[in-house]
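**Q** Sharing final_20.txt, compact mmCIF, C-alpha atoms and all ligand atoms:
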```txt
# COMPACT_ATOMS: atom_id res chain seq x y z
CA MET R 1 -44.41 122.10 54.02
CA SER R 2 -40.80 121.29 53.31
CA PRO R 3 -40.14 120.00 49.81
CA THR R 4 -37.17 117.89 51.00
CA PRO R 5 -36.98 114.87 48.69
CA LEU R 6 -37.63 111.47 50.21
CA ALA R 7 -34.11 110.34 49.35
CA ASP R 8 -32.60 113.18 51.35
CA ARG R 9 -34.91 112.63 54.29
CA ALA R 10 -33.96 108.96 54.28
CA PHE R 11 -30.30 109.95 54.33
CA GLU R 12 -30.90 112.24 57.30
CA LYS R 13 -32.41 109.30 59.10
CA GLY R 14 -29.36 107.14 58.49
CA VAL R 15 -30.36 105.23 55.35
CA PRO R 16 -27.29 105.01 53.09
CA ARG R 17 -27.39 107.12 49.95
CA ALA R 18 -26.92 103.99 47.85
CA ALA R 19 -30.40 102.92 48.93
CA ALA R 20 -31.88 106.13 47.65
CA ARG R 21 -33.19 106.50 44.11
CA ARG R 22 -30.51 107.85 41.86
CA GLY R 23 -30.83 107.97 38.08
CA LEU R 24 -32.98 104.92 37.46
CA PRO R 25 -32.74 103.77 33.82
CA PRO R 26 -33.37 105.14 31.30
CA PHE R 27 -32.09 108.21 33.15
CA GLY R 28 -28.36 108.67 33.71
CA GLU R 29 -26.20 111.09 35.63
CA GLU R 30 -26.68 113.89 33.10
CA HIS R 31 -30.46 113.63 33.45
CA GLU R 32 -30.22 113.71 37.22
CA GLU R 33 -28.19 116.91 37.00
CA LEU R 34 -30.88 118.40 34.81
CA ARG R 35 -33.47 117.14 37.30
CA ALA R 36 -31.74 119.01 40.13
CA SER R 37 -31.73 122.26 38.10
CA VAL R 38 -35.37 121.88 37.08
CA ARG R 39 -36.33 121.12 40.67
CA ARG R 40 -34.65 124.33 41.84
CA PHE R 41 -36.29 126.33 39.05
CA VAL R 42 -39.72 124.93 39.90
CA ALA R 43 -39.24 125.61 43.64
CA ASN R 44 -38.00 129.17 43.10
CA GLU R 45 -39.94 130.40 40.07
CA LEU R 46 -43.12 128.37 39.73
CA ALA R 47 -44.24 127.03 43.10
CA PRO R 48 -44.47 130.38 44.96
CA PRO R 49 -47.00 132.07 42.60
CA ALA R 50 -48.83 128.85 41.64
CA GLN R 51 -51.75 129.36 44.04
CA ARG R 52 -52.29 132.91 42.76
CA TRP R 53 -52.35 131.64 39.17
CA GLU R 54 -54.84 128.97 40.16
CA ASP R 55 -57.08 131.64 41.73
CA GLU R 56 -56.73 133.89 38.71
CA ARG R 57 -57.53 130.96 36.41
CA TRP R 58 -54.52 131.90 34.32
CA PHE R 59 -50.73 131.76 34.48
CA PRO R 60 -48.93 134.59 32.72
CA ASN R 61 -47.21 134.15 29.36
CA GLU R 62 -44.09 135.31 31.13
CA VAL R 63 -43.75 131.71 32.35
CA PHE R 64 -43.03 130.68 28.76
CA HIS R 65 -40.41 133.42 28.48
CA LYS R 66 -38.72 132.29 31.70
CA LEU R 67 -38.73 128.65 30.64
CA ALA R 68 -37.33 129.63 27.26
CA ALA R 69 -34.57 131.69 28.88
CA VAL R 70 -33.21 128.58 30.61
CA GLY R 71 -33.69 126.45 27.50
CA TYR R 72 -36.51 124.28 28.87
CA LEU R 73 -38.88 124.85 25.93
CA GLY R 74 -36.40 123.35 23.51
CA LEU R 75 -34.69 120.56 25.44
CA LYS R 76 -35.31 117.89 22.80
CA TYR R 77 -35.15 120.12 19.73
CA PRO R 78 -32.07 120.57 17.50
CA GLU R 79 -29.79 123.52 18.11
CA GLU R 80 -30.36 124.81 14.57
CA TYR R 81 -33.90 125.78 15.66
CA GLY R 82 -32.78 127.22 18.96
CA GLY R 83 -33.19 124.00 20.93
CA GLN R 84 -30.77 122.38 23.34
CA GLY R 85 -29.99 119.39 21.12
CA GLY R 86 -31.17 116.89 23.74
CA ASP R 87 -33.74 114.15 23.34
CA HIS R 88 -37.04 112.90 24.73
CA LEU R 89 -35.42 111.90 28.02
CA HIS R 90 -34.57 115.52 28.79
CA ASP R 91 -38.17 116.53 28.20
CA ALA R 92 -39.25 113.60 30.36
CA VAL R 93 -37.24 114.98 33.29
CA LEU R 94 -38.86 118.40 32.93
CA VAL R 95 -42.36 116.98 32.74
CA GLU R 96 -41.81 114.70 35.75
CA GLU R 97 -40.59 117.65 37.82
CA LEU R 98 -43.21 120.28 36.87
CA PRO R 99 -45.92 118.85 39.16
CA ARG R 100 -43.82 120.00 42.12
CA ALA R 101 -45.11 123.49 41.34
CA GLY R 102 -48.41 122.23 42.75
CA SER R 103 -50.53 123.26 39.76
CA ALA R 104 -51.33 120.68 37.12
CA GLY R 105 -52.90 123.48 35.07
CA LEU R 106 -49.52 125.12 34.77
CA GLY R 107 -47.98 121.77 33.81
CA ALA R 108 -50.75 121.24 31.26
CA GLY R 109 -50.16 124.60 29.58
CA VAL R 110 -46.43 124.06 29.32
CA GLY R 111 -46.95 120.40 28.40
CA ALA R 112 -49.39 121.24 25.59
CA HIS R 113 -46.82 123.63 24.13
CA ILE R 114 -43.72 121.43 24.33
CA GLY R 115 -45.31 118.00 24.39
CA ILE R 116 -48.22 117.83 21.96
CA ALA R 117 -48.44 120.96 19.79
CA THR R 118 -44.86 121.60 18.67
CA PRO R 119 -43.63 117.98 18.18
CA PRO R 120 -45.73 117.51 15.00
CA VAL R 121 -44.21 120.70 13.55
CA TRP R 122 -40.75 119.35 14.29
CA LYS R 123 -41.51 115.89 12.97
CA PHE R 124 -43.74 116.60 9.97
CA GLY R 125 -43.18 120.31 9.24
CA THR R 126 -41.43 121.85 6.26
CA GLU R 127 -38.29 123.88 6.81
CA ASP R 128 -40.37 127.05 6.41
CA GLN R 129 -42.88 125.85 9.04
CA LYS R 130 -40.07 125.06 11.48
CA ARG R 131 -38.74 128.59 11.07
CA ARG R 132 -42.16 130.22 11.40
CA PHE R 133 -43.61 128.12 14.22
CA LEU R 134 -41.06 125.90 15.96
CA GLU R 135 -38.30 128.49 16.42
CA PRO R 136 -40.49 131.20 18.00
CA ALA R 137 -42.21 128.51 20.10
CA ILE R 138 -38.83 127.43 21.49
CA ARG R 139 -38.09 131.10 22.25
CA GLY R 140 -41.43 131.33 24.09
CA GLU R 141 -42.62 134.03 21.71
CA ARG R 142 -45.39 132.10 19.96
CA ILE R 143 -47.54 129.82 22.09
CA ALA R 144 -48.90 126.63 20.64
CA ALA R 145 -52.00 124.47 21.08
CA LEU R 146 -53.16 121.20 19.57
CA GLY R 147 -56.75 121.12 18.34
CA ILE R 148 -58.17 117.66 17.80
CA THR R 149 -61.23 117.29 20.06
CA GLU R 150 -64.60 118.59 18.86
CA PRO R 151 -67.99 118.85 20.52
CA ASP R 152 -69.00 115.61 18.77
CA ALA R 153 -65.62 113.91 18.47
CA GLY R 154 -63.54 113.03 21.54
CA SER R 155 -62.50 109.40 21.87
CA ASP R 156 -63.79 108.83 18.36
CA VAL R 157 -61.19 110.86 16.49
CA ALA R 158 -62.50 109.59 13.17
CA GLY R 159 -65.69 111.52 13.90
CA ILE R 160 -64.00 114.90 13.33
CA ARG R 161 -66.21 117.20 11.27
CA THR R 162 -64.25 120.43 10.94
CA ARG R 163 -64.02 120.70 7.19
CA ALA R 164 -61.23 122.20 5.10
CA ARG R 165 -62.17 122.71 1.46
CA ARG R 166 -59.49 123.19 -1.17
CA VAL R 167 -59.52 126.62 -2.81
CA ASP R 168 -57.01 128.47 -4.90
CA GLY R 169 -53.82 128.82 -2.80
CA GLY R 170 -55.07 127.01 0.29
CA TYR R 171 -58.13 125.89 2.23
CA VAL R 172 -61.29 127.34 3.70
CA VAL R 173 -62.03 125.93 7.14
CA ASN R 174 -65.40 125.66 8.88
CA GLY R 175 -66.10 123.95 12.18
CA SER R 176 -65.20 124.04 15.85
CA LYS R 177 -62.94 122.55 18.50
CA THR R 178 -63.41 122.16 22.23
CA PHE R 179 -61.40 121.47 25.42
CA ILE R 180 -58.27 122.95 23.80
CA THR R 181 -55.46 123.55 26.30
CA ASN R 182 -53.78 126.95 25.69
CA GLY R 183 -56.63 127.61 23.26
CA VAL R 184 -57.33 131.10 24.58
CA ARG R 185 -53.75 132.34 24.45
CA ALA R 186 -52.40 130.28 21.55
CA ASP R 187 -50.69 132.11 18.69
CA PHE R 188 -51.13 129.05 16.53
CA VAL R 189 -53.21 125.90 16.73
CA VAL R 190 -52.12 122.66 15.09
CA THR R 191 -55.61 121.68 13.96
CA ALA R 192 -57.09 118.40 12.76
CA VAL R 193 -59.47 118.87 9.84
CA LYS R 194 -61.32 116.73 7.31
CA THR R 195 -60.11 117.18 3.77
CA THR R 196 -62.48 114.68 2.16
CA ASP R 197 -66.20 114.06 2.42
CA GLU R 198 -65.76 110.36 3.19
CA GLY R 199 -65.93 109.43 6.85
CA GLY R 200 -63.33 107.52 8.83
CA HIS R 201 -59.62 108.04 9.29
CA GLN R 202 -58.67 108.47 5.66
CA GLY R 203 -59.54 112.09 5.02
CA LEU R 204 -57.88 113.67 8.07
CA SER R 205 -55.25 116.37 7.63
CA PHE R 206 -53.54 118.99 9.78
CA LEU R 207 -53.54 122.72 9.19
CA ILE R 208 -51.81 125.33 11.31
CA LEU R 209 -54.34 128.03 12.14
CA GLU R 210 -52.94 131.32 13.35
CA LYS R 211 -54.31 133.92 15.72
CA GLY R 212 -55.66 136.84 13.71
CA MET R 213 -56.81 134.80 10.71
CA GLU R 214 -60.19 136.14 9.68
CA GLY R 215 -63.05 133.97 10.94
CA PHE R 216 -60.95 132.23 13.63
CA ALA R 217 -62.36 133.00 17.09
CA VAL R 218 -62.06 131.84 20.69
CA SER R 219 -65.75 131.32 21.35
CA ARG R 220 -65.43 130.47 25.05
CA LYS R 221 -62.94 130.07 27.90
CA LEU R 222 -64.19 127.01 29.75
CA GLU R 223 -64.63 126.70 33.53
CA LYS R 224 -63.21 123.45 34.90
CA MET R 225 -63.13 121.15 37.93
CA GLY R 226 -59.32 121.26 38.02
CA TRP R 227 -56.34 122.48 36.00
CA HIS R 228 -57.46 125.98 36.98
CA ALA R 229 -54.30 127.84 36.00
CA SER R 230 -54.54 126.66 32.40
CA ASP R 231 -56.83 128.15 29.79
CA THR R 232 -59.07 125.65 28.03
CA ALA R 233 -60.98 126.93 25.03
CA GLU R 234 -63.73 126.32 22.61
CA LEU R 235 -62.68 127.53 19.15
CA ALA R 236 -64.87 128.50 16.22
CA PHE R 237 -63.83 128.58 12.56
CA GLN R 238 -66.01 130.35 10.07
CA ASP R 239 -64.74 130.47 6.50
CA VAL R 240 -61.15 130.78 7.71
CA PHE R 241 -58.76 130.98 4.78
CA VAL R 242 -55.60 128.99 5.56
CA PRO R 243 -52.78 129.22 3.00
CA GLU R 244 -51.45 125.93 1.65
CA GLU R 245 -48.04 126.56 3.21
CA ASN R 246 -49.81 125.90 6.56
CA LEU R 247 -50.66 122.30 5.64
CA LEU R 248 -48.70 120.18 8.10
CA GLY R 249 -47.60 116.83 6.75
CA GLU R 250 -49.33 115.21 3.80
CA GLU R 251 -52.94 115.86 2.94
CA ASN R 252 -55.24 113.02 4.08
CA ARG R 253 -52.47 111.44 6.18
CA GLY R 254 -53.32 113.26 9.41
CA PHE R 255 -54.34 110.10 11.22
CA TYR R 256 -50.72 108.94 11.24
CA LEU R 257 -49.68 112.25 12.76
CA ILE R 258 -52.29 111.81 15.50
CA MET R 259 -51.15 108.27 16.25
CA ALA R 260 -47.47 109.28 16.35
CA ASN R 261 -48.27 112.11 18.73
CA PHE R 262 -50.47 110.07 21.06
CA GLN R 263 -47.62 107.86 22.28
CA TRP R 264 -45.56 110.78 23.47
CA GLU R 265 -48.58 112.59 24.94
CA ARG R 266 -49.54 109.51 26.94
CA LEU R 267 -46.00 109.00 28.15
CA LEU R 268 -45.88 112.62 29.29
CA MET R 269 -49.13 112.19 31.17
CA ALA R 270 -47.72 109.08 32.87
CA LEU R 271 -44.53 110.93 33.80
CA ALA R 272 -46.46 113.90 35.17
CA SER R 273 -48.50 111.53 37.31
CA VAL R 274 -45.38 109.85 38.65
CA GLY R 275 -44.02 113.30 39.59
CA GLY R 276 -47.39 114.28 41.04
CA MET R 277 -47.66 111.10 43.14
CA GLU R 278 -44.14 111.58 44.47
CA ALA R 279 -44.80 115.19 45.50
CA THR R 280 -48.08 114.22 47.19
CA LEU R 281 -46.43 111.33 49.03
CA GLU R 282 -43.63 113.54 50.33
CA ARG R 283 -46.03 116.20 51.59
CA THR R 284 -48.20 113.57 53.23
CA ILE R 285 -45.31 111.88 55.05
CA GLU R 286 -44.26 115.29 56.31
CA PHE R 287 -47.79 116.04 57.47
CA ALA R 288 -48.21 112.64 59.17
CA ARG R 289 -45.03 113.22 61.14
CA GLU R 290 -46.18 116.62 62.37
CA ARG R 291 -49.89 116.15 62.96
CA ARG R 292 -50.67 114.65 66.34
CA ALA R 293 -53.74 112.72 67.47
CA PHE R 294 -54.27 110.63 70.59
CA GLY R 295 -50.99 111.86 72.04
CA ARG R 296 -48.66 110.96 69.18
CA PRO R 297 -47.95 111.82 65.55
CA ILE R 298 -50.54 110.24 63.30
CA ALA R 299 -47.64 108.55 61.45
CA LYS R 300 -47.32 106.32 64.52
CA HIS R 301 -50.82 104.95 63.94
CA GLN R 302 -50.64 101.75 61.96
CA ALA R 303 -53.63 102.59 59.76
CA ILE R 304 -51.90 105.77 58.59
CA ARG R 305 -48.62 103.97 57.90
CA HIS R 306 -50.47 101.39 55.82
CA LYS R 307 -52.13 104.12 53.80
CA ILE R 308 -48.73 105.65 53.14
CA ALA R 309 -47.40 102.24 52.13
CA ASP R 310 -50.26 101.95 49.65
CA MET R 311 -49.40 105.36 48.19
CA ALA R 312 -45.72 104.38 47.87
CA VAL R 313 -46.53 101.12 46.07
CA ARG R 314 -48.74 102.95 43.58
CA LEU R 315 -45.96 105.47 42.98
CA GLU R 316 -43.17 102.95 42.50
CA SER R 317 -45.16 100.54 40.34
CA GLY R 318 -46.28 103.49 38.22
CA ARG R 319 -42.72 104.66 37.92
CA ALA R 320 -41.53 101.20 36.89
CA VAL R 321 -44.08 100.74 34.13
CA THR R 322 -43.61 104.33 32.93
CA TYR R 323 -39.82 104.26 32.83
CA ASN R 324 -39.95 100.94 30.99
CA ALA R 325 -42.28 102.40 28.37
CA LEU R 326 -40.09 105.50 28.13
CA ARG R 327 -36.96 103.38 27.63
CA LEU R 328 -38.59 101.38 24.81
CA PHE R 329 -39.97 104.54 23.19
CA HIS R 330 -36.60 106.28 23.46
CA GLU R 331 -34.82 103.30 21.89
CA GLY R 332 -37.21 103.47 18.95
CA HIS R 333 -39.17 100.28 19.64
CA ASP R 334 -42.87 99.90 19.02
CA ALA R 335 -43.99 100.65 22.56
CA VAL R 336 -47.73 101.14 22.04
CA ARG R 337 -48.65 98.40 24.50
CA GLU R 338 -46.24 99.58 27.22
CA VAL R 339 -47.14 103.26 26.78
CA THR R 340 -50.83 102.39 26.97
CA MET R 341 -50.24 100.40 30.16
CA ALA R 342 -48.26 103.25 31.69
CA LYS R 343 -51.00 105.78 30.92
CA LEU R 344 -53.70 103.46 32.28
CA LYS R 345 -51.79 102.48 35.41
CA THR R 346 -50.66 105.93 36.51
CA GLN R 347 -53.68 108.14 35.87
CA ARG R 348 -56.17 106.43 38.14
CA ASP R 349 -53.44 105.79 40.72
CA CYS R 350 -52.50 109.46 40.79
CA PHE R 351 -56.08 110.30 41.70
CA GLU R 352 -56.22 107.48 44.28
CA VAL R 353 -52.95 108.64 45.82
CA ALA R 354 -54.33 112.18 46.16
CA ASP R 355 -57.53 110.77 47.65
CA ILE R 356 -55.59 108.75 50.24
CA ALA R 357 -53.52 111.85 51.02
CA LEU R 358 -56.74 113.77 51.53
CA GLN R 359 -57.91 111.17 54.04
CA ILE R 360 -54.61 111.32 55.92
CA HIS R 361 -54.79 115.10 56.08
CA GLY R 362 -58.30 114.95 57.52
CA GLY R 363 -60.04 118.34 57.51
CA ALA R 364 -56.81 120.05 56.55
CA GLY R 365 -56.82 118.11 53.29
CA TYR R 366 -60.12 119.71 52.41
CA MET R 367 -58.62 123.16 52.85
CA LYS R 368 -57.06 124.98 49.95
CA GLU R 369 -53.82 125.97 51.70
CA TYR R 370 -52.49 122.41 51.87
CA GLY R 371 -52.78 121.84 48.14
CA ILE R 372 -54.17 118.34 48.57
CA GLU R 373 -57.73 119.07 47.43
CA ARG R 374 -56.18 120.67 44.36
CA ALA R 375 -54.03 117.61 43.72
CA ALA R 376 -57.16 115.44 43.82
CA ARG R 377 -59.18 117.74 41.52
CA ASP R 378 -56.28 118.06 39.12
CA ALA R 379 -55.57 114.34 39.00
CA ARG R 380 -59.14 113.43 38.13
CA LEU R 381 -58.61 114.45 34.53
CA GLY R 382 -55.92 111.81 34.03
CA PRO R 383 -58.25 108.86 33.33
CA ILE R 384 -60.15 111.04 30.81
CA GLY R 385 -57.73 113.28 28.88
CA GLY R 386 -55.39 112.11 26.13
CA GLY R 387 -57.45 108.92 25.70
CA THR R 388 -59.76 107.59 28.41
CA ASP R 389 -59.15 104.54 30.58
CA GLU R 390 -61.78 102.69 28.57
CA ILE R 391 -59.99 103.47 25.32
CA MET R 392 -56.63 102.42 26.85
CA LYS R 393 -58.15 99.06 27.79
CA GLU R 394 -59.58 98.70 24.31
CA ILE R 395 -56.16 99.33 22.73
CA LEU R 396 -54.56 96.82 25.10
CA GLY R 397 -57.22 94.20 24.47
CA LYS R 398 -56.79 94.56 20.72
CA SER R 399 -53.01 94.38 21.07
CA PHE R 400 -53.51 90.76 22.11
CA GLY R 401 -55.32 90.10 18.86
CA LEU R 402 -58.73 90.09 20.54
C1 LIG Z 1 -59.05 120.01 30.68
C2 LIG Z 1 -58.98 119.31 29.35
C3 LIG Z 1 -57.96 119.63 28.48
C4 LIG Z 1 -57.93 119.02 27.21
N1 LIG Z 1 -56.98 119.42 26.30
C5 LIG Z 1 -57.09 119.00 25.00
C6 LIG Z 1 -56.25 119.56 23.98
O1 LIG Z 1 -55.35 120.38 24.26
N2 LIG Z 1 -56.44 119.17 22.69
C7 LIG Z 1 -57.42 118.28 22.34
O2 LIG Z 1 -57.55 117.98 21.16
N3 LIG Z 1 -58.21 117.71 23.29
C8 LIG Z 1 -58.08 118.06 24.60
N4 LIG Z 1 -58.90 117.52 25.56
C9 LIG Z 1 -59.88 116.52 25.17
C10 LIG Z 1 -59.64 115.13 25.73
O3 LIG Z 1 -58.56 114.50 25.08
C11 LIG Z 1 -60.97 114.36 25.60
O4 LIG Z 1 -61.80 114.84 26.65
C12 LIG Z 1 -60.84 112.87 25.66
O5 LIG Z 1 -60.20 112.41 24.50
C13 LIG Z 1 -62.17 112.16 25.82
O6 LIG Z 1 -63.10 112.60 24.88
P1 LIG Z 1 -64.56 113.11 25.34
O7 LIG Z 1 -64.35 114.03 26.49
O8 LIG Z 1 -65.27 113.64 24.16
O9 LIG Z 1 -65.28 111.83 25.87
P2 LIG Z 1 -66.17 110.81 25.00
O10 LIG Z 1 -65.37 110.30 23.87
O11 LIG Z 1 -67.48 111.43 24.71
O12 LIG Z 1 -66.37 109.63 26.04
C14 LIG Z 1 -67.36 109.67 27.10
C15 LIG Z 1 -67.25 108.33 27.86
O13 LIG Z 1 -67.57 107.25 26.97
C16 LIG Z 1 -66.51 106.32 26.96
N5 LIG Z 1 -66.36 105.73 25.63
C17 LIG Z 1 -66.30 106.35 24.43
N6 LIG Z 1 -66.11 105.47 23.45
C18 LIG Z 1 -66.02 104.25 24.03
C19 LIG Z 1 -65.81 102.92 23.56
N7 LIG Z 1 -65.61 102.68 22.25
N8 LIG Z 1 -65.76 101.92 24.44
C20 LIG Z 1 -65.93 102.17 25.77
N9 LIG Z 1 -66.14 103.39 26.29
C21 LIG Z 1 -66.18 104.42 25.44
C22 LIG Z 1 -65.27 107.11 27.34
O14 LIG Z 1 -64.24 106.28 27.84
C23 LIG Z 1 -65.86 108.05 28.40
O15 LIG Z 1 -65.94 107.39 29.62
C24 LIG Z 1 -58.91 118.06 26.85
C25 LIG Z 1 -59.91 117.70 27.77
C26 LIG Z 1 -59.98 118.33 29.00
C27 LIG Z 1 -61.10 117.97 29.92
```
Just give me the structure of the file as structure tokens.
Ligand SMILES: Cc1cc2nc3c(=O)[nH]c(=O)nc-3n(C[C@H](O)[C@H](O)[C@H](O)COP(=O)(O)OP(=O)(O)OC[C@H]3O[C@@H](n4cnc5c(N)ncnc54)[C@H](O)[C@@H]3O)c2cc1C
**A**
Amino acid sequence: MSPTPLADRAFEKGVPRAAARRGLPPFGEEHEELRASVRRFVANELAPPAQRWEDERWFPNEVFHKLAAVGYLGLKYPEEYGGQGGDHLHDAVLVEELPRAGSAGLGAGVGAHIGIATPPVWKFGTEDQKRRFLEPAIRGERIAALGITEPDAGSDVAGIRTRARRVDGGYVVNGSKTFITNGVRADFVVTAVKTTDEGGHQGLSFLILEKGMEGFAVSRKLEKMGWHASDTAELAFQDVFVPEENLLGEENRGFYLIMANFQWERLLMALASVGGMEATLERTIEFARERRAFGRPIAKHQAIRHKIADMAVRLESGRAVTYNALRLFHEGHDAVREVTMAKLKTQRDCFEVADIALQIHGGAGYMKEYGIERAARDARLGPIGGGTDEIMKEILGKSFGL
């Protein structure tokens, strides 16, 4: 399958370049240059071994080293910590392009590191924490995970039970986490804990737990429907002593950290789905041109063209709502409603787009080598992870004062 972008194919067919998508706001020329570099990197370094990593249920840590070498792990972080001094838009480009590797598990592992686990350290961490955790994370030397979900607390974050009791010089942590991306390989886990006995949001705090701390164990590497190349773990904490210098942000104010992080996480998921839908659409158009049935390419059958039109509308409407939310977020507006809409709109559509692509591919779509069955399996997590569709609708409903 040729990865030729739609815009270039259109140009080859005589459509003027001006009609092609070029740097839609909030992205400008600089971002499109970065996009071209990332696209090359993904095509050369990540796409070729992606299937092997999927089969092995693991991508090597070397990926983090390679990404760090070209500066991609620190695009939005200040230069004083080894970052590139860019902003969220640069990260957005990377995350939109990663799905072209054809492995959402790979994207999830990288995304957990740059998108959900290290941002709280940057935003709420002390100078010492930034030196100990953010800097080596940007260099790809220490891998990060975010631990919020527990066996009995998913959507209901306030139900977290992992308990951190104050002791001399720090905390003693008991409890467990589940479904933690990068959890098996992580060198540190930004972990949500309860620091009071009262229920609800009030007593939540964050501690950074480090690999090697006594009593901190990876209890299980989980087997999954999709995201095969990423490691997803169950973690167990038994009397883990965590020094007080590993408290991230203020004690009992962890709920604000979670809320701040969610907006960016959901935007990243929307962006990844936009990138995923685009890659699937391109492959499917290519396939429909080549595959013949009843004496002509299947693309010449109206029913197939209509399916492709449906895919394209889902992609472009998803892109519009996502870029709008990204623009508002980037400009510092309260974009909770728009981000929630973008997450809701794109996740189910990404799965639907993969499902339509599967239908267009026929039997070939069911076969591993075309990557379409993987796209469908991988996309199914979207309406569940990072806040389910039901929770997104609840947030939206409440945003109208209902
Ligand atoms: C592969 C994978 C990777 C993940 N990575 C991470 C990670 O790195 N870090 C992390 O902390 N978490 C991670 N998660 C967890 C993920 O964010 C949760 O799965 C998600 O928040 C949903 O929680 P749950 O699975 O416990 O579902 P539940 O909360 O048990 O929900 C089950 C169903 O009930 C519905 N429901 C629940 N409450 C309501 C309500 N009030 N109204 C209507 N419907 C409701 C839900 O929408 C859902 O359909 C990951 C999950 C997976 C599968």
**Q** Excluding R:Gln238 and its own-chain neighbours fewer than 6 positions away, which residues fall within 7 Å of it when counting all atoms listed in the file? Please give them as a list in words.
**A** Val173, Asn174, Gly175, Gly215 and Phe216 of chain R
**Q** Counting only C-alpha atoms, what is within 6 Å of stretch 387-393 of chain R, bar same-chain residues fewer than 3 positions away, as a PDB file with C-alpha atoms, in the frame of the given file?
**A**
```
ATOM      1  CA  THR R 340     -50.830 102.390  26.970  1.00  0.00           C
ATOM      2  CA  LEU R 344     -53.700 103.460  32.280  1.00  0.00           C
ATOM      3  CA  PRO R 383     -58.250 108.860  33.330  1.00  0.00           C
ATOM      4  CA  ILE R 384     -60.150 111.040  30.810  1.00  0.00           C
ATOM      5  CA  LEU R 396     -54.560  96.820  25.100  1.00  0.00           C
ATOM      6  CA  GLY R 397     -57.220  94.200  24.470  1.00  0.00           C
TER       7      GLY R 397
END
```
**Q** So which residues are near ligand LIG 1 (chain Z), meaning at most 7 Å away with only C-alpha atoms and all ligand atoms counted, given back as a PyMOL selection string?
**A** chain R and resi 112+145-149+151-156+178-182+224+227+232+381+384-391+394
**Q** May I ask for the distance between atom CA of R:Ser273 and atom CA of R:Ile308, given in Å to one decimal place?
**A**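 Going from atom CA of R:Ser273 over to atom CA of R:Ile308, I get 16.9 Å.
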**Q** Closest to R:Ala260 among R:Arg374, R:Lys123, R:Arg132, R:Lys211, using all atoms listed in the file?
**A**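 Of all the options, R:Lys123 lies closest to R:Ala260.
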**Q** Any idea what the distance is between atom CA of R:His113 and atom CA of R:Lys221?
**A**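 Here the two named atoms are 17.8 Å from each other.
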**Q** Which is closer to R:Phe188 than all the others in R:Phe351, R:Phe133, R:Phe241, R:Tyr171, using all atoms listed in the file?
**A**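 Under the stated criterion, the closest residue is R:Phe133.
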**Q** Of the residues R:Ser103, R:Ser399, R:Gln359, R:Thr126, which is the one nearest to R:Phe287, using all atoms listed in the file?
**A**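 Looking at the shortest contact to R:Phe287, the residue is R:Gln359.
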**Q** Show which residues sit within 12 Å of R:Arg40, as a list in words. Count all atoms listed in the file, and ignore same-chain residues fewer than 4 positions away.
**A** Pro3, Thr4, Pro5, Glu33, Leu34, Arg35, Ala36, Asn44, Glu45, Leu46, Ala47, Pro48, Leu94, Glu97, Leu98, Arg100 and Ala101 of chain R
**Q** Go ahead and dump the residues you just picked, C-alpha atoms, as a PDB file, keeping the file's coordinate frame.
**A**
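The result, stored in out-v6.pdb:
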```
ATOM      1  CA  PRO R   3     -40.140 120.000  49.810  1.00  0.00           C
ATOM      2  CA  THR R   4     -37.170 117.890  51.000  1.00  0.00           C
ATOM      3  CA  PRO R   5     -36.980 114.870  48.690  1.00  0.00           C
ATOM      4  CA  GLU R  33     -28.190 116.910  37.000  1.00  0.00           C
ATOM      5  CA  LEU R  34     -30.880 118.400  34.810  1.00  0.00           C
ATOM      6  CA  ARG R  35     -33.470 117.140  37.300  1.00  0.00           C
ATOM      7  CA  ALA R  36     -31.740 119.010  40.130  1.00  0.00           C
ATOM      8  CA  ASN R  44     -38.000 129.170  43.100  1.00  0.00           C
ATOM      9  CA  GLU R  45     -39.940 130.400  40.070  1.00  0.00           C
ATOM     10  CA  LEU R  46     -43.120 128.370  39.730  1.00  0.00           C
ATOM     11  CA  ALA R  47     -44.240 127.030  43.100  1.00  0.00           C
ATOM     12  CA  PRO R  48     -44.470 130.380  44.960  1.00  0.00           C
ATOM     13  CA  LEU R  94     -38.860 118.400  32.930  1.00  0.00           C
ATOM     14  CA  GLU R  97     -40.590 117.650  37.820  1.00  0.00           C
ATOM     15  CA  LEU R  98     -43.210 120.280  36.870  1.00  0.00           C
ATOM     16  CA  ARG R 100     -43.820 120.000  42.120  1.00  0.00           C
ATOM     17  CA  ALA R 101     -45.110 123.490  41.340  1.00  0.00           C
TER      18      ALA R 101
END
```
**Q** Scan for residues within 12 Å of the point (-39.8, 121.9, 36.0) in the coordinates of the file, using all atoms listed in the file, and reply as number ranges by chain.
**A** R: 34-47, 63-64, 66-68, 70-73, 75, 90-104, 106-108, 110-111, 272, 275-276
**Q** When distances are computed from all atoms listed in the file, which of R:Gly169, R:Tyr323, R:Val242, R:Gly85 shows the smallest separation from R:Gly23?
**A** R:Tyr323
**Q** I'd like the neighbourhood of R:Leu358 as a PyMOL selection string, where a residue qualifies if any of its atoms comes within 12 Å (using all atoms listed in the file), though same-chain residues fewer than 3 positions away should be ignored.
**A** chain R and resi 280-281+283-284+287-288+304+307-308+311+351-355+361-368+370-377
**Q** Could you tell me, as an NGL selection string, which residues have any atom at most 12 Å from (-46.6, 112.7, 16.3), counting only C-alpha atoms?
**A** :R and (115-125 or 146 or 190 or 206 or 248-249 or 253-266)
